[in-house]
Amino acid sequence: VKIIWVGRIDERPKRVSDIPLIAKRLIDKKVNFSIEVLGDGPDKQSLMTQINEANLNTYIKLSGWKERGDLMLSLSQADVFLQTSNFEGMSVALMEALSQGCMVVSTRVSGVEDLEHNIKFKDVLRVYTVGDIDQACEYIQELKMNTQHISRYEARSICEEIFSIAKCIKEYERLIFSLKDNDKVRIHN
């Protein structure tokens, strides 16, 4: 399983210390995997220390930031996008991962929790409670199995359908018209 994590390496918002814990659990479950961490930040050295102390260097690679083309290539080669955040807005990295055909395993954070109950994401997204390493590992294995019958094209199609600019504009229009029709709200041009 090729797993990718993208973001600012910062413990408080991103909970990067879960990456080595997930790796250890996957090893215990005898899963053949690799994790590529793309990004940088104030807790990079701490993460490197955790990886070294746990002898996880052959499983986890810290790649730093990549140019957009190289990032998209890494995402397109990954099976699963992992998001370990304590808190998050709607993650652009998650949308980019889906656009490249990655399956997603994410903590239950803002934006993602809206997708969790959308039937369109049932084969490409799994959401777990922050800190539940066992559930994250179970979902990684489950989604890896899904890649055998769900094509990358299907993941990209779902992403385009939900997050395209055209779709977003239609949703904004729907919101504006619903507000405009409400007598209590006045919209000024």
# chains A, B, ... in the order shown; residues from 1 in each chain; ligands from 1
>>> select_by_dssp(residues="region 45-178 of chain A", states="strand (DSSP E)", output="number ranges by chain")
A: 60-62, 80-83, 103-107, 125-128
>>> write_last_selection(atoms="C-alpha atoms", output="mmCIF file, in the first residue's frame")
data_model
loop_
_atom_site.group_PDB
_atom_site.id
_atom_site.type_symbol
_atom_site.label_atom_id
_atom_site.label_comp_id
_atom_site.auth_asym_id
_atom_site.auth_seq_id
_atom_site.Cartn_x
_atom_site.Cartn_y
_atom_site.Cartn_z
ATOM 1 C CA ILE A 60 8.458 6.284 6.105
ATOM 2 C CA LYS A 61 10.138 8.730 3.749
ATOM 3 C CA LEU A 62 10.198 12.467 4.473
ATOM 4 C CA VAL A 80 -4.193 6.120 0.019
ATOM 5 C CA PHE A 81 -4.036 9.728 1.163
ATOM 6 C CA LEU A 82 -3.721 9.854 4.961
ATOM 7 C CA GLN A 83 -4.871 12.869 6.977
ATOM 8 C CA MET A 103 -8.499 6.791 -1.696
ATOM 9 C CA VAL A 104 -8.718 8.841 1.525
ATOM 10 C CA VAL A 105 -8.355 7.896 5.192
ATOM 11 C CA SER A 106 -8.892 10.960 7.352
ATOM 12 C CA THR A 107 -9.671 11.986 10.877
ATOM 13 C CA LEU A 125 -13.276 7.703 1.797
ATOM 14 C CA ARG A 126 -13.015 6.451 5.360
ATOM 15 C CA VAL A 127 -13.202 8.739 8.394
ATOM 16 C CA TYR A 128 -11.931 7.819 11.842
#
>>> select_by_dssp(residues="chain A", states="helix (DSSP H, G or I)", output="VMD selection string")
chain A and resid 11 to 14 18 to 28 44 to 53 68 to 77 92 to 99 112 to 116 119 to 121 133 to 146 152 to 163 165 to 180
>>> residues_around(residues="Ile158 (chain A)", least_positions_apart="2", cutoff="12 Å", atoms="only C-alpha atoms", output="PyMOL selection string")
chain A and resi 95+97-103+115+118-125+150-156+160-164+167
>>> closest_residue(among="A:Ala23, A:Ile169, A:Val16, A:Ile9", to="Asp40 (chain A)", atoms="only C-alpha atoms")
A:Ile9
>>> closest_residue(among="A:Lys24, A:Arg108, A:Lys44, A:Lys29", to="Leu56 (chain A)", atoms="only C-alpha atoms")
A:Lys24
>>> atom_distance(atom1="CA of Leu73 (chain A)", atom2="CA of Glu96 (chain A)")
11.0 Å
>>> closest_residue(among="A:Ser34, A:Ser178, A:Thr84, A:Gln50", to="Arg8 (chain A)", atoms="only C-alpha atoms")
A:Thr84
>>> closest_residue(among="A:Ile176, A:Ala78, A:Val112, A:Ile19", to="Gly131 (chain A)", atoms="only C-alpha atoms")
A:Ile19
>>> atom_distance(atom1="CA of Ser85 (chain A)", atom2="CA of Thr129 (chain A)")
10.2 Å
>>> residues_around(residues="Gly39 (chain A)", least_positions_apart="2", cutoff="6 Å", atoms="only C-alpha atoms", output="ChimeraX atom specification")
/A:6-8,64-65
>>> closest_residue(among="A:Lys144, A:Tyr139, A:Arg12, A:Arg25", to="Pro42 (chain A)", atoms="only C-alpha atoms")
A:Arg12
>>> residues_around(residues="region 87-92 of chain A", least_positions_apart="4", cutoff="6 Å", atoms="only C-alpha atoms", output="VMD selection string")
chain A and resid 13 109 to 111
>>> write_last_selection(atoms="N, CA, C and O atoms", output="PDB file, in the first residue's frame")
ATOM      1  N   PRO A  13      -1.889  21.112  15.062  1.00  0.00           N
ATOM      2  CA  PRO A  13      -3.027  20.961  14.148  1.00  0.00           C
ATOM      3  C   PRO A  13      -3.024  19.640  13.376  1.00  0.00           C
ATOM      4  O   PRO A  13      -4.076  19.068  13.112  1.00  0.00           O
ATOM      5  N   VAL A 109     -12.738  15.580  10.788  1.00  0.00           N
ATOM      6  CA  VAL A 109     -12.509  17.007  10.968  1.00  0.00           C
ATOM      7  C   VAL A 109     -13.418  17.779  10.015  1.00  0.00           C
ATOM      8  O   VAL A 109     -14.028  17.193   9.121  1.00  0.00           O
ATOM      9  N   SER A 110     -13.493  19.087  10.217  1.00  0.00           N
ATOM     10  CA  SER A 110     -14.361  19.929   9.392  1.00  0.00           C
ATOM     11  C   SER A 110     -14.155  19.663   7.910  1.00  0.00           C
ATOM     12  O   SER A 110     -13.048  19.416   7.461  1.00  0.00           O
ATOM     13  N   GLY A 111     -15.223  19.741   7.170  1.00  0.00           N
ATOM     14  CA  GLY A 111     -15.165  19.503   5.734  1.00  0.00           C
ATOM     15  C   GLY A 111     -15.266  18.031   5.415  1.00  0.00           C
ATOM     16  O   GLY A 111     -16.156  17.611   4.691  1.00  0.00           O
TER      17      GLY A 111
END
